[in-house]
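Enquirer: mmCIF, C-alpha atoms, saved as structure-v3.cif, coming up:
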```
data_data
loop_
_atom_site.label_atom_id
_atom_site.label_comp_id
_atom_site.auth_asym_id
_atom_site.auth_seq_id
_atom_site.Cartn_x
_atom_site.Cartn_y
_atom_site.Cartn_z
CA MET A 1 -29.58 -94.32 -61.32
CA ALA A 2 -30.51 -98.01 -61.03
CA SER A 3 -29.60 -98.06 -57.33
CA SER A 4 -31.73 -94.95 -56.73
CA CYS A 5 -34.73 -96.59 -58.43
CA ARG A 6 -34.30 -99.71 -56.29
CA ALA A 7 -34.14 -97.55 -53.16
CA ILE A 8 -37.37 -95.75 -54.11
CA LEU A 9 -39.05 -99.09 -54.86
CA ALA A 10 -37.92 -100.46 -51.49
CA MET A 11 -39.43 -97.47 -49.68
CA CYS A 12 -42.69 -97.92 -51.56
CA LEU A 13 -42.83 -101.59 -50.65
CA LEU A 14 -42.09 -100.86 -47.01
CA ALA A 15 -44.94 -98.37 -46.97
CA ALA A 16 -47.11 -101.00 -48.71
CA VAL A 17 -48.44 -98.54 -51.23
CA LEU A 18 -48.69 -98.68 -54.96
CA CYS A 19 -46.43 -96.31 -56.92
CA PRO A 20 -47.96 -95.78 -60.37
CA ALA A 21 -44.88 -93.92 -61.59
CA LEU A 22 -42.80 -97.04 -61.10
CA SER A 23 -45.25 -99.41 -62.78
CA ARG A 24 -43.61 -101.29 -65.64
CA PRO A 25 -45.25 -102.67 -68.76
CA ARG A 26 -45.01 -106.41 -69.10
CA PRO A 27 -41.47 -107.15 -70.32
CA PHE A 28 -41.56 -108.68 -73.79
CA THR A 29 -37.89 -109.63 -74.13
CA SER A 30 -37.56 -113.23 -73.00
CA LEU A 31 -35.15 -116.10 -73.19
CA PRO A 32 -35.27 -118.54 -76.12
CA VAL A 33 -37.68 -121.43 -75.55
CA ASP A 34 -37.76 -125.02 -76.77
CA ASP A 35 -41.07 -126.92 -76.70
CA SER A 36 -39.38 -130.24 -77.47
CA ARG A 37 -38.13 -130.65 -73.89
CA LEU A 38 -41.46 -130.02 -72.18
CA ALA A 39 -43.69 -132.53 -70.43
CA SER A 40 -46.46 -134.06 -72.51
CA GLY A 41 -49.33 -131.69 -73.24
CA LEU A 42 -47.49 -128.49 -72.33
CA SER A 43 -46.24 -125.81 -74.70
CA TYR A 44 -45.17 -122.19 -74.51
CA ASP A 45 -47.86 -121.03 -76.93
CA PHE A 46 -50.68 -123.25 -75.66
CA HIS A 47 -53.11 -120.32 -75.34
CA ALA A 48 -51.92 -118.40 -78.42
CA ASN A 49 -55.29 -118.85 -80.13
CA SER A 50 -57.69 -119.41 -77.24
CA CYS A 51 -56.46 -116.47 -75.14
CA PRO A 52 -53.81 -114.46 -77.04
CA ASN A 53 -53.76 -111.62 -74.46
CA LEU A 54 -53.48 -113.95 -71.46
CA GLN A 55 -50.13 -112.76 -70.17
CA ASP A 56 -51.05 -109.11 -70.69
CA ILE A 57 -54.10 -109.68 -68.49
CA VAL A 58 -52.20 -111.47 -65.72
CA TRP A 59 -49.13 -109.22 -65.57
CA PRO A 60 -50.68 -105.87 -64.46
CA ILE A 61 -52.85 -107.56 -61.83
CA VAL A 62 -49.87 -109.32 -60.27
CA GLU A 63 -47.57 -106.32 -60.59
CA SER A 64 -50.03 -104.01 -58.87
CA ALA A 65 -50.67 -106.52 -56.08
CA VAL A 66 -47.00 -107.29 -55.39
CA LEU A 67 -45.89 -103.65 -55.53
CA GLY A 68 -48.60 -102.95 -52.98
CA GLU A 69 -47.64 -105.90 -50.76
CA ILE A 70 -44.33 -107.66 -51.33
CA ALA A 71 -45.45 -110.54 -49.10
CA LEU A 72 -47.74 -111.67 -51.93
CA ALA A 73 -44.67 -112.78 -53.90
CA ALA A 74 -43.80 -115.18 -51.11
CA GLY A 75 -47.44 -116.19 -50.80
CA LEU A 76 -47.75 -117.08 -54.48
CA LEU A 77 -44.46 -118.99 -54.46
CA ARG A 78 -45.63 -121.05 -51.52
CA ILE A 79 -48.99 -121.76 -53.14
CA PHE A 80 -47.21 -122.88 -56.31
CA PHE A 81 -44.89 -125.21 -54.41
CA HIS A 82 -47.60 -126.61 -52.13
CA ASP A 83 -49.84 -127.27 -55.12
CA CYS A 84 -47.22 -128.86 -57.38
CA PHE A 85 -45.33 -131.00 -54.89
CA PRO A 86 -48.03 -133.45 -53.65
CA GLN A 87 -49.42 -134.74 -56.99
CA GLY A 88 -48.43 -132.28 -59.70
CA CYS A 89 -49.38 -128.72 -60.72
CA ASP A 90 -53.15 -129.11 -60.97
CA ALA A 91 -54.66 -126.47 -58.63
CA SER A 92 -55.94 -129.26 -56.38
CA LEU A 93 -54.73 -127.14 -53.47
CA LEU A 94 -57.42 -124.52 -54.08
CA LEU A 95 -60.44 -126.82 -53.82
CA LYS A 96 -62.57 -126.16 -50.76
CA GLY A 97 -64.92 -128.49 -48.93
CA THR A 98 -64.51 -131.95 -47.40
CA ASN A 99 -60.94 -133.24 -47.56
CA SER A 100 -59.67 -129.86 -48.79
CA GLU A 101 -55.89 -129.60 -48.81
CA LEU A 102 -56.30 -126.10 -47.36
CA ASP A 103 -57.54 -127.64 -44.09
CA LEU A 104 -54.44 -129.78 -43.59
CA VAL A 105 -51.65 -128.64 -41.26
CA PRO A 106 -48.95 -127.96 -43.92
CA ASN A 107 -51.32 -125.51 -45.66
CA LEU A 108 -52.96 -123.73 -42.74
CA THR A 109 -50.59 -120.76 -42.99
CA LEU A 110 -50.94 -120.17 -46.73
CA GLN A 111 -51.83 -116.55 -47.44
CA PRO A 112 -55.57 -116.04 -47.94
CA ARG A 113 -54.85 -112.86 -49.96
CA ALA A 114 -52.60 -114.75 -52.37
CA ILE A 115 -55.19 -117.51 -52.73
CA GLN A 116 -57.89 -114.96 -53.52
CA LEU A 117 -55.59 -113.23 -56.01
CA ILE A 118 -55.56 -116.41 -58.12
CA GLU A 119 -59.36 -116.39 -58.27
CA ASP A 120 -59.45 -112.67 -59.04
CA ILE A 121 -57.14 -113.27 -62.01
CA ARG A 122 -59.30 -116.18 -63.22
CA VAL A 123 -62.35 -113.92 -63.26
CA LYS A 124 -60.57 -111.36 -65.44
CA VAL A 125 -59.06 -113.99 -67.76
CA HIS A 126 -62.33 -115.86 -68.27
CA ALA A 127 -64.20 -112.60 -68.84
CA ALA A 128 -61.83 -111.86 -71.71
CA CYS A 129 -61.31 -115.34 -73.16
CA GLY A 130 -63.99 -117.61 -71.78
CA ALA A 131 -63.20 -120.69 -69.70
CA THR A 132 -60.11 -121.60 -71.72
CA VAL A 133 -57.35 -121.18 -69.11
CA SER A 134 -56.99 -123.44 -66.07
CA CYS A 135 -56.46 -122.24 -62.53
CA ALA A 136 -53.26 -124.31 -62.57
CA ASP A 137 -51.90 -122.26 -65.48
CA ILE A 138 -52.91 -119.05 -63.72
CA ILE A 139 -50.98 -120.10 -60.60
CA ALA A 140 -47.89 -120.74 -62.72
CA LEU A 141 -48.08 -117.41 -64.55
CA ALA A 142 -48.86 -115.39 -61.43
CA THR A 143 -45.93 -116.95 -59.58
CA ARG A 144 -43.54 -116.24 -62.46
CA ASP A 145 -44.68 -112.62 -62.65
CA ALA A 146 -44.54 -112.09 -58.86
CA VAL A 147 -40.93 -113.23 -58.72
CA PHE A 148 -40.05 -110.87 -61.56
CA VAL A 149 -41.68 -107.90 -59.80
CA ALA A 150 -39.92 -108.70 -56.50
CA GLY A 151 -36.53 -109.31 -58.10
CA GLU A 152 -33.79 -107.13 -59.51
CA SER A 153 -35.20 -106.58 -62.97
CA GLU A 154 -31.86 -105.60 -64.51
CA VAL A 155 -30.50 -109.10 -63.91
CA PHE A 156 -33.68 -111.20 -63.74
CA TYR A 157 -34.59 -112.03 -67.32
CA PHE A 158 -38.26 -112.43 -68.10
CA TYR A 159 -38.93 -115.96 -69.28
CA GLU A 160 -41.77 -117.97 -70.74
CA MET A 161 -43.73 -120.44 -68.62
CA PRO A 162 -44.99 -123.65 -70.27
CA LEU A 163 -48.79 -123.83 -70.23
CA GLY A 164 -51.55 -126.32 -70.90
CA ARG A 165 -52.24 -127.74 -67.43
CA PHE A 166 -55.66 -128.94 -66.35
CA ASP A 167 -57.35 -128.55 -62.97
CA SER A 168 -57.78 -131.56 -60.73
CA LYS A 169 -61.29 -132.81 -60.02
CA ALA A 170 -60.40 -133.69 -56.42
CA PRO A 171 -57.92 -132.67 -53.73
CA ALA A 172 -54.65 -134.55 -53.32
CA SER A 173 -54.62 -137.25 -50.67
CA SER A 174 -53.64 -136.25 -47.16
CA SER A 175 -50.63 -138.56 -47.30
CA ALA A 176 -49.35 -136.75 -50.40
CA VAL A 177 -49.83 -133.36 -48.73
CA PHE A 178 -47.98 -134.46 -45.60
CA ASP A 179 -45.10 -135.50 -47.83
CA LEU A 180 -44.32 -131.81 -48.33
CA PRO A 181 -40.79 -131.13 -46.97
CA GLN A 182 -40.94 -129.74 -43.46
CA PRO A 183 -38.83 -126.87 -42.04
CA SER A 184 -37.15 -129.37 -39.68
CA ALA A 185 -36.22 -131.85 -42.45
CA ASP A 186 -32.64 -133.10 -42.81
CA ALA A 187 -30.68 -133.20 -46.06
CA ASN A 188 -31.48 -136.84 -46.83
CA LYS A 189 -35.23 -136.26 -46.51
CA LEU A 190 -35.08 -133.14 -48.66
CA ILE A 191 -32.97 -134.69 -51.40
CA ASP A 192 -35.09 -137.84 -51.51
CA SER A 193 -38.34 -135.86 -51.67
CA PHE A 194 -37.09 -133.73 -54.53
CA LYS A 195 -35.67 -136.73 -56.38
CA SER A 196 -39.11 -138.37 -56.34
CA ARG A 197 -40.34 -135.30 -58.26
CA ASN A 198 -37.55 -135.53 -60.85
CA LEU A 199 -35.63 -132.70 -59.19
CA GLU A 200 -31.88 -132.72 -58.53
CA PRO A 201 -30.00 -131.39 -55.46
CA ILE A 202 -29.24 -128.15 -57.32
CA ASP A 203 -33.00 -127.71 -57.90
CA LEU A 204 -33.51 -128.14 -54.15
CA VAL A 205 -30.91 -125.46 -53.42
CA ALA A 206 -32.19 -123.01 -56.03
CA LEU A 207 -35.86 -123.39 -55.07
CA SER A 208 -34.96 -122.97 -51.40
CA GLY A 209 -33.83 -119.54 -52.53
CA ALA A 210 -37.52 -118.60 -52.58
CA HIS A 211 -36.92 -117.98 -48.86
CA THR A 212 -35.26 -114.74 -49.88
CA VAL A 213 -38.77 -113.28 -49.47
CA GLY A 214 -41.36 -114.27 -46.92
CA LYS A 215 -41.76 -114.72 -43.20
CA ALA A 216 -42.25 -117.62 -40.79
CA ARG A 217 -44.10 -118.09 -37.51
CA CYS A 218 -42.02 -119.05 -34.49
CA SER A 219 -43.70 -122.46 -34.25
CA SER A 220 -42.24 -123.42 -37.64
CA PHE A 221 -38.63 -123.10 -36.46
CA SER A 222 -38.91 -123.85 -32.72
CA ASP A 223 -36.66 -126.91 -33.21
CA ARG A 224 -33.78 -124.45 -33.67
CA PHE A 225 -33.97 -123.67 -29.95
CA THR A 226 -33.50 -127.27 -28.77
CA SER A 227 -30.93 -128.32 -31.38
CA PRO A 228 -28.99 -125.13 -32.13
CA ARG A 229 -27.22 -124.96 -35.48
CA GLY A 230 -25.37 -122.18 -37.19
CA ASP A 231 -24.57 -118.85 -35.58
CA ALA A 232 -25.24 -119.09 -31.82
CA ALA A 233 -25.90 -115.36 -31.44
CA PHE A 234 -28.41 -115.51 -34.27
CA VAL A 235 -30.25 -118.42 -32.63
CA GLU A 236 -30.46 -116.42 -29.40
CA GLN A 237 -31.84 -113.48 -31.36
CA LEU A 238 -34.53 -115.75 -32.82
CA ARG A 239 -35.30 -117.15 -29.36
CA ASP A 240 -35.59 -113.67 -27.82
CA SER A 241 -37.91 -112.45 -30.58
CA CYS A 242 -40.20 -115.44 -30.15
CA SER A 243 -40.15 -115.27 -26.35
CA SER A 244 -41.23 -111.64 -26.32
CA ASP A 245 -43.90 -112.14 -28.98
CA PRO A 246 -45.24 -115.66 -29.72
CA ASN A 247 -46.96 -114.27 -32.84
CA HIS A 248 -43.71 -112.82 -34.17
CA LEU A 249 -43.21 -113.22 -37.93
CA GLN A 250 -39.54 -113.74 -38.72
CA ASP A 251 -38.02 -112.65 -42.02
CA LEU A 252 -36.50 -115.70 -43.71
CA ASP A 253 -33.89 -113.46 -45.36
CA VAL A 254 -32.41 -111.31 -42.59
CA SER A 255 -30.46 -109.11 -45.02
CA THR A 256 -32.79 -108.08 -47.86
CA PRO A 257 -36.26 -109.43 -46.96
CA ILE A 258 -38.22 -107.39 -49.51
CA VAL A 259 -36.07 -108.12 -52.58
CA PHE A 260 -35.86 -111.40 -54.45
CA ASP A 261 -32.07 -111.79 -54.59
CA ASN A 262 -29.27 -114.21 -53.63
CA ARG A 263 -28.51 -112.80 -50.19
CA TYR A 264 -30.35 -115.75 -48.64
CA PHE A 265 -27.42 -117.99 -49.61
CA SER A 266 -24.85 -115.64 -48.10
CA ASN A 267 -26.89 -115.70 -44.89
CA LEU A 268 -26.72 -119.50 -44.84
CA LEU A 269 -22.92 -119.43 -45.16
CA GLU A 270 -22.87 -117.10 -42.14
CA GLY A 271 -25.03 -119.53 -40.15
CA LYS A 272 -28.06 -117.24 -40.32
CA GLY A 273 -30.67 -119.52 -41.80
CA VAL A 274 -34.02 -119.55 -40.02
CA PHE A 275 -35.13 -123.11 -40.78
CA THR A 276 -33.18 -126.28 -40.08
CA SER A 277 -33.99 -127.24 -43.66
CA ASP A 278 -32.09 -124.12 -44.76
CA LEU A 279 -28.97 -124.75 -42.72
CA VAL A 280 -28.60 -128.41 -43.65
CA LEU A 281 -27.96 -127.32 -47.23
CA VAL A 282 -24.61 -125.91 -46.10
CA ASN A 283 -23.58 -129.03 -44.22
CA ASP A 284 -24.06 -131.65 -46.94
CA SER A 285 -21.59 -132.07 -49.80
CA ARG A 286 -24.44 -132.72 -52.26
CA THR A 287 -25.83 -129.21 -51.73
CA GLU A 288 -23.05 -127.14 -50.15
CA TRP A 289 -21.38 -126.41 -53.50
CA GLY A 290 -24.67 -125.05 -54.83
CA VAL A 291 -25.15 -122.75 -51.84
CA LYS A 292 -21.65 -121.33 -52.26
CA GLY A 293 -21.99 -120.92 -56.00
CA LEU A 294 -25.38 -119.21 -55.87
CA ALA A 295 -24.17 -116.93 -53.05
CA GLU A 296 -21.24 -115.81 -55.20
CA ASN A 297 -23.09 -115.40 -58.49
CA LYS A 298 -26.55 -113.80 -58.61
CA TRP A 299 -26.71 -114.37 -62.36
CA TRP A 300 -26.45 -118.11 -61.78
CA PHE A 301 -29.07 -117.95 -59.02
CA TYR A 302 -31.62 -116.20 -61.21
CA SER A 303 -31.06 -118.52 -64.18
CA GLN A 304 -31.02 -121.65 -62.01
CA PHE A 305 -34.14 -120.57 -60.11
CA ARG A 306 -35.87 -120.00 -63.44
CA ASP A 307 -34.86 -123.44 -64.74
CA SER A 308 -35.81 -125.21 -61.50
CA LEU A 309 -39.17 -123.44 -61.25
CA VAL A 310 -40.05 -124.36 -64.84
CA LYS A 311 -38.90 -127.92 -64.16
CA LEU A 312 -41.13 -128.22 -61.09
CA SER A 313 -44.03 -126.70 -63.04
CA GLN A 314 -43.97 -129.71 -65.35
CA PHE A 315 -44.48 -132.26 -62.57
CA GLN A 316 -47.82 -133.77 -63.55
CA PRO A 317 -50.30 -136.21 -62.03
CA THR A 318 -50.17 -139.77 -63.33
CA GLY A 319 -53.23 -141.60 -64.58
CA GLY A 320 -55.77 -141.31 -67.34
CA ASP A 321 -57.96 -138.41 -66.20
CA VAL A 322 -56.13 -135.16 -66.94
CA GLY A 323 -58.79 -133.05 -65.24
CA GLU A 324 -60.81 -130.04 -66.39
CA ILE A 325 -60.76 -126.26 -66.69
CA ARG A 326 -62.76 -124.89 -63.77
CA ARG A 327 -65.40 -122.58 -65.21
CA ASN A 328 -67.01 -120.94 -62.19
CA SER A 329 -64.41 -120.80 -59.44
CA CYS A 330 -60.89 -121.99 -58.69
CA PHE A 331 -62.30 -123.21 -55.38
CA ALA A 332 -64.77 -125.73 -56.81
CA THR A 333 -64.94 -128.32 -59.57
CA ASN A 334 -67.39 -127.79 -62.43
CA GLY A 335 -70.92 -128.51 -61.32
CA GLN A 336 -70.17 -127.88 -57.66
CA SER A 337 -70.45 -124.80 -55.49
CA ASP A 338 -67.62 -123.60 -53.26
CA GLU A 339 -69.42 -125.07 -50.25
CA GLU A 340 -69.97 -128.59 -51.58
CA GLY A 341 -67.65 -131.35 -50.49
CA PHE A 342 -65.33 -133.78 -52.22
CA ALA A 343 -64.52 -137.45 -51.85
CA ALA A 344 -60.76 -137.64 -51.86
CA SER A 345 -58.86 -140.63 -50.57
CA ALA A 346 -56.85 -140.27 -47.36
#
```
If you took the structure in this file and wrote it as structure tokens, what would it be?
Expert:
Amino acid sequence: MASSCRAILAMCLLAAVLCPALSRPRPFTSLPVDDSRLASGLSYDFHANSCPNLQDIVWPIVESAVLGEIALAAGLLRIFFHDCFPQGCDASLLLKGTNSELDLVPNLTLQPRAIQLIEDIRVKVHAACGATVSCADIIALATRDAVFVAGESEVFYFYEMPLGRFDSKAPASSSAVFDLPQPSADANKLIDSFKSRNLEPIDLVALSGAHTVGKARCSSFSDRFTSPRGDAAFVEQLRDSCSSDPNHLQDLDVSTPIVFDNRYFSNLLEGKGVFTSDLVLVNDSRTEWGVKGLAENKWWFYSQFRDSLVKLSQFQPTGGDVGEIRRNSCFATNGQSDEEGFAASA
């Protein structure tokens, strides 16, 4: 019965239509939580009084969107990572205007629909609760929910996301944005980058598993053609697809691209990773064991991905000004319009 339901869901996602009969209420059973281990200022019940129905507002919006377009799960994950990694999870990524992070090369291919979905959720949340919830918290919740919708719900436990973040008053510096790990990065660069964000090699491996959904443009993995790694026939297949269509969008998981599962890791062990940054995880002793373990045990992958995502979500900016809660738009600081500029350092 479960396999039949997954097959129906897969067909619905392929057709990119919403199936009301398959819509699920927000799952209330969650893993035990412990506030004592959270970063300063965050808690699991931060909005219990200010917006008690917060998660019940976010869940149906995200579920409907992701069931209609599975690519939004990948889009939200990428927004979450690209926002948190440069200077902490503060929604600085969403600010438009002069020095906007959205105008920098690493962010040019972020999904506009996923970005707009964050703002659409903010409108609904603030209509119900007032300006009490930050755009940064909305990004975190929407990403958590999108992964749950795209995953195998019988093994992917729903879990709480720590909340209480504030929104940045300015974009991150360009140097911080360009410190985002690139698809051509080697193992040393990846491990060092994650370590600087208090993340271990196993966090790197688990979070790379987000590539189980999503697509990539040929330009992002063109280095594979000059320095072939992995399965030679697979590299030729990638080359042929890109040669025939320069705008080709390649599935990052060549086995189950519309389901959030652990097949990505099995692909890596077969030499079928799309990015160089994927394949290097198999060839370094600090990460290889994680790839093998997560490929063999989907339960471990789901629990480790959960732990690593929550861990990354607690990476916070340093300094005295914690920011604000954007009242009018996720794309502008309070007192500014979407079109007005910012003065961020380069």
Enquirer: To verify the selection step, state as a short mmCIF file (atom, residue, chain, number, x, y, z; two decimals) with C-alpha atoms, in the frame of the given file which residues the PyMOL selection byres ((chain A and resi 273) around 12) yields on this input.
Expert:
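So expr_4.cif came out as:
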```
data_model
loop_
_atom_site.label_atom_id
_atom_site.label_comp_id
_atom_site.auth_asym_id
_atom_site.auth_seq_id
_atom_site.Cartn_x
_atom_site.Cartn_y
_atom_site.Cartn_z
CA PRO A 183 -38.83 -126.87 -42.04
CA SER A 184 -37.15 -129.37 -39.68
CA SER A 208 -34.96 -122.97 -51.40
CA GLY A 209 -33.83 -119.54 -52.53
CA HIS A 211 -36.92 -117.98 -48.86
CA THR A 212 -35.26 -114.74 -49.88
CA ALA A 216 -42.25 -117.62 -40.79
CA PHE A 221 -38.63 -123.10 -36.46
CA ARG A 224 -33.78 -124.45 -33.67
CA PRO A 228 -28.99 -125.13 -32.13
CA ARG A 229 -27.22 -124.96 -35.48
CA GLY A 230 -25.37 -122.18 -37.19
CA ASP A 231 -24.57 -118.85 -35.58
CA ALA A 232 -25.24 -119.09 -31.82
CA PHE A 234 -28.41 -115.51 -34.27
CA VAL A 235 -30.25 -118.42 -32.63
CA LEU A 238 -34.53 -115.75 -32.82
CA GLN A 250 -39.54 -113.74 -38.72
CA ASP A 251 -38.02 -112.65 -42.02
CA LEU A 252 -36.50 -115.70 -43.71
CA ASP A 253 -33.89 -113.46 -45.36
CA VAL A 254 -32.41 -111.31 -42.59
CA SER A 255 -30.46 -109.11 -45.02
CA ARG A 263 -28.51 -112.80 -50.19
CA TYR A 264 -30.35 -115.75 -48.64
CA PHE A 265 -27.42 -117.99 -49.61
CA SER A 266 -24.85 -115.64 -48.10
CA ASN A 267 -26.89 -115.70 -44.89
CA LEU A 268 -26.72 -119.50 -44.84
CA LEU A 269 -22.92 -119.43 -45.16
CA GLU A 270 -22.87 -117.10 -42.14
CA GLY A 271 -25.03 -119.53 -40.15
CA LYS A 272 -28.06 -117.24 -40.32
CA VAL A 274 -34.02 -119.55 -40.02
CA PHE A 275 -35.13 -123.11 -40.78
CA THR A 276 -33.18 -126.28 -40.08
CA SER A 277 -33.99 -127.24 -43.66
CA ASP A 278 -32.09 -124.12 -44.76
CA LEU A 279 -28.97 -124.75 -42.72
CA VAL A 280 -28.60 -128.41 -43.65
CA LEU A 281 -27.96 -127.32 -47.23
CA VAL A 282 -24.61 -125.91 -46.10
CA VAL A 291 -25.15 -122.75 -51.84
#
```
Enquirer: Name the residues that the PyMOL selection byres ((chain A and resi 140) around 10) picks from the file above, as JSON, numbers by chain, using the file's chain letters and numbers.
Expert: {"A": [76, 77, 79, 80, 81, 84, 89, 91, 118, 135, 136, 137, 138, 139, 141, 142, 143, 144, 145, 161, 162, 163, 165, 309, 310, 313]}
Enquirer: Could you tell me which residues the PyMOL selection byres ((chain A and resi 58) around 10) returns for this structure, as an MDAnalysis selection string?
Expert: chainID A and resid 26 53:57 59:63 118 120:122 124:125 138 141:142 145
Enquirer: Which residue is closest to Ser175 in chain A? Choose from A:Val105, A:Cys218, A:Ala71, A:Val66 and count only C-alpha atoms.
Expert: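 Closest residue, counting only C-alpha atoms: A:Val105.
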Enquirer: Let me have the centre and edge lengths in Å, one decimal, of the box along x, y and z around every listed atom of range 129-147 of chain A with 8 Å of margin on each side, as lines of an AutoDock Vina configuration file.
Expert:
```
center_x = -52.5
center_y = -118.2
center_z = -65.9
size_x = 39.1
size_y = 28.2
size_z = 30.4
```
Enquirer: Figure out the distance between CA of Leu38 in chain A and CA of Asp307 in chain A, please, to one decimal in Å.
Expert: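 Computed distance, CA of Asp307 in chain A to CA of Leu38 in chain A, equals 11.9 Å.
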Enquirer: Nearest to Ser308 in chain A among A:Gly214, A:Gly75, A:Pro246, A:Pro201, with distances taken over all atoms listed in the file: which residue is it?
Expert: A:Pro201
Enquirer: Can you measure CA of Ile115 in chain A to CA of Gly68 in chain A for me? One decimal in Å is fine.
Expert: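 If I compute the distance from CA of Ile115 in chain A to CA of Gly68 in chain A, I get 16.0 Å.
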Enquirer: Return the single residue from A:Ile258, A:Ser40, A:Ser220, A:Glu236 that is closest to Ala185 in chain A, with distances computed using only C-alpha atoms.
Expert: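 Of A:Ile258, A:Ser40, A:Ser220, A:Glu236, the one nearest Ala185 in chain A is A:Ser220, counting only C-alpha atoms.
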Enquirer: Could you work out how far CA of Phe301 in chain A lies from CA of Val259 in chain A, giving the answer in Å with one decimal?
Expert: 13.7 Å
Enquirer: Using only C-alpha atoms, which of A:His126, A:His82, A:Arg37, A:Arg326 sits nearest Pro181 in chain A?
Expert: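 Going through A:His126, A:His82, A:Arg37, A:Arg326 one by one, the smallest distance to Pro181 in chain A is for A:His82.
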Enquirer: Please determine, counting only C-alpha atoms, which residue among A:Ala131, A:Ile202, A:Val149, A:Leu180 has the shortest atom-to-atom distance to Asn107 in chain A.
Expert: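 Of all the options, A:Leu180 lies closest to Asn107 in chain A.
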Enquirer: Counting all atoms listed in the file, which residue out of A:Asp245, A:Glu160, A:Asp167, A:Asp45 sits closest to Leu94 in chain A?
Expert: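 Closest to Leu94 in chain A of all the choices is A:Asp167.
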Enquirer: Do a neighbour search on Arg327 in chain A at 10 Å with all atoms listed in the file, toss out local chain neighbours closer than 3 positions, and write the hits as a list in words.
Expert: Arg122, Val123, His126, Gly130, Ala131, Thr132, Val133, Ser134, Cys135, Glu324, Cys330, Ala332, Thr333, Asn334 and Gly335 of chain A
Enquirer: Once you have the residues from the selection above, write them out as a compact mmCIF listing (two decimals), in the frame of the given file, restricted to C-alpha atoms.
Expert:
```
# COMPACT_ATOMS: atom_id res chain seq x y z
CA ARG A 122 -59.30 -116.18 -63.22
CA VAL A 123 -62.35 -113.92 -63.26
CA HIS A 126 -62.33 -115.86 -68.27
CA GLY A 130 -63.99 -117.61 -71.78
CA ALA A 131 -63.20 -120.69 -69.70
CA THR A 132 -60.11 -121.60 -71.72
CA VAL A 133 -57.35 -121.18 -69.11
CA SER A 134 -56.99 -123.44 -66.07
CA CYS A 135 -56.46 -122.24 -62.53
CA GLU A 324 -60.81 -130.04 -66.39
CA CYS A 330 -60.89 -121.99 -58.69
CA ALA A 332 -64.77 -125.73 -56.81
CA THR A 333 -64.94 -128.32 -59.57
CA ASN A 334 -67.39 -127.79 -62.43
CA GLY A 335 -70.92 -128.51 -61.32
```
Enquirer: For Leu93 in chain A, find every residue with an atom within 7 Å (counting all atoms listed in the file), except residues of its own chain fewer than 4 positions away, and show them as an MDAnalysis selection string.
Expert: chainID A and resid 83 101:102 171
Enquirer: Please reconstruct the missing atoms of range 244-255 of chain A (target: N, CA and C atoms) and return them as a PDB file, in the coordinates of the input.
Expert:
```pdb
ATOM      1  N   SER A 244     -40.553-112.901 -26.618  1.00  0.00           N
ATOM      2  CA  SER A 244     -41.230-111.640 -26.320  1.00  0.00           C
ATOM      3  C   SER A 244     -42.551-111.507 -27.069  1.00  0.00           C
ATOM      4  N   ASP A 245     -42.678-112.207 -28.182  1.00  0.00           N
ATOM      5  CA  ASP A 245     -43.900-112.140 -28.980  1.00  0.00           C
ATOM      6  C   ASP A 245     -44.136-113.471 -29.688  1.00  0.00           C
ATOM      7  N   PRO A 246     -44.985-114.337 -29.119  1.00  0.00           N
ATOM      8  CA  PRO A 246     -45.240-115.660 -29.720  1.00  0.00           C
ATOM      9  C   PRO A 246     -45.798-115.573 -31.142  1.00  0.00           C
ATOM     10  N   ASN A 247     -46.398-114.443 -31.499  1.00  0.00           N
ATOM     11  CA  ASN A 247     -46.960-114.270 -32.840  1.00  0.00           C
ATOM     12  C   ASN A 247     -45.980-113.587 -33.790  1.00  0.00           C
ATOM     13  N   HIS A 248     -44.739-113.470 -33.362  1.00  0.00           N
ATOM     14  CA  HIS A 248     -43.710-112.820 -34.170  1.00  0.00           C
ATOM     15  C   HIS A 248     -43.554-113.509 -35.525  1.00  0.00           C
ATOM     16  N   LEU A 249     -43.470-112.703 -36.588  1.00  0.00           N
ATOM     17  CA  LEU A 249     -43.210-113.220 -37.930  1.00  0.00           C
ATOM     18  C   LEU A 249     -41.771-112.878 -38.291  1.00  0.00           C
ATOM     19  N   GLN A 250     -40.965-113.904 -38.471  1.00  0.00           N
ATOM     20  CA  GLN A 250     -39.540-113.740 -38.720  1.00  0.00           C
ATOM     21  C   GLN A 250     -39.236-113.695 -40.203  1.00  0.00           C
ATOM     22  N   ASP A 251     -38.477-112.685 -40.632  1.00  0.00           N
ATOM     23  CA  ASP A 251     -38.020-112.650 -42.020  1.00  0.00           C
ATOM     24  C   ASP A 251     -37.107-113.845 -42.279  1.00  0.00           C
ATOM     25  N   LEU A 252     -37.345-114.553 -43.371  1.00  0.00           N
ATOM     26  CA  LEU A 252     -36.500-115.700 -43.710  1.00  0.00           C
ATOM     27  C   LEU A 252     -35.161-115.260 -44.297  1.00  0.00           C
ATOM     28  N   ASP A 253     -35.135-114.074 -44.897  1.00  0.00           N
ATOM     29  CA  ASP A 253     -33.890-113.460 -45.360  1.00  0.00           C
ATOM     30  C   ASP A 253     -33.643-112.267 -44.459  1.00  0.00           C
ATOM     31  N   VAL A 254     -32.634-112.356 -43.600  1.00  0.00           N
ATOM     32  CA  VAL A 254     -32.410-111.310 -42.590  1.00  0.00           C
ATOM     33  C   VAL A 254     -31.638-110.131 -43.155  1.00  0.00           C
ATOM     34  N   SER A 255     -31.233-110.195 -44.412  1.00  0.00           N
ATOM     35  CA  SER A 255     -30.460-109.110 -45.020  1.00  0.00           C
ATOM     36  C   SER A 255     -31.308-108.225 -45.926  1.00  0.00           C
TER      37      SER A 255
END
```
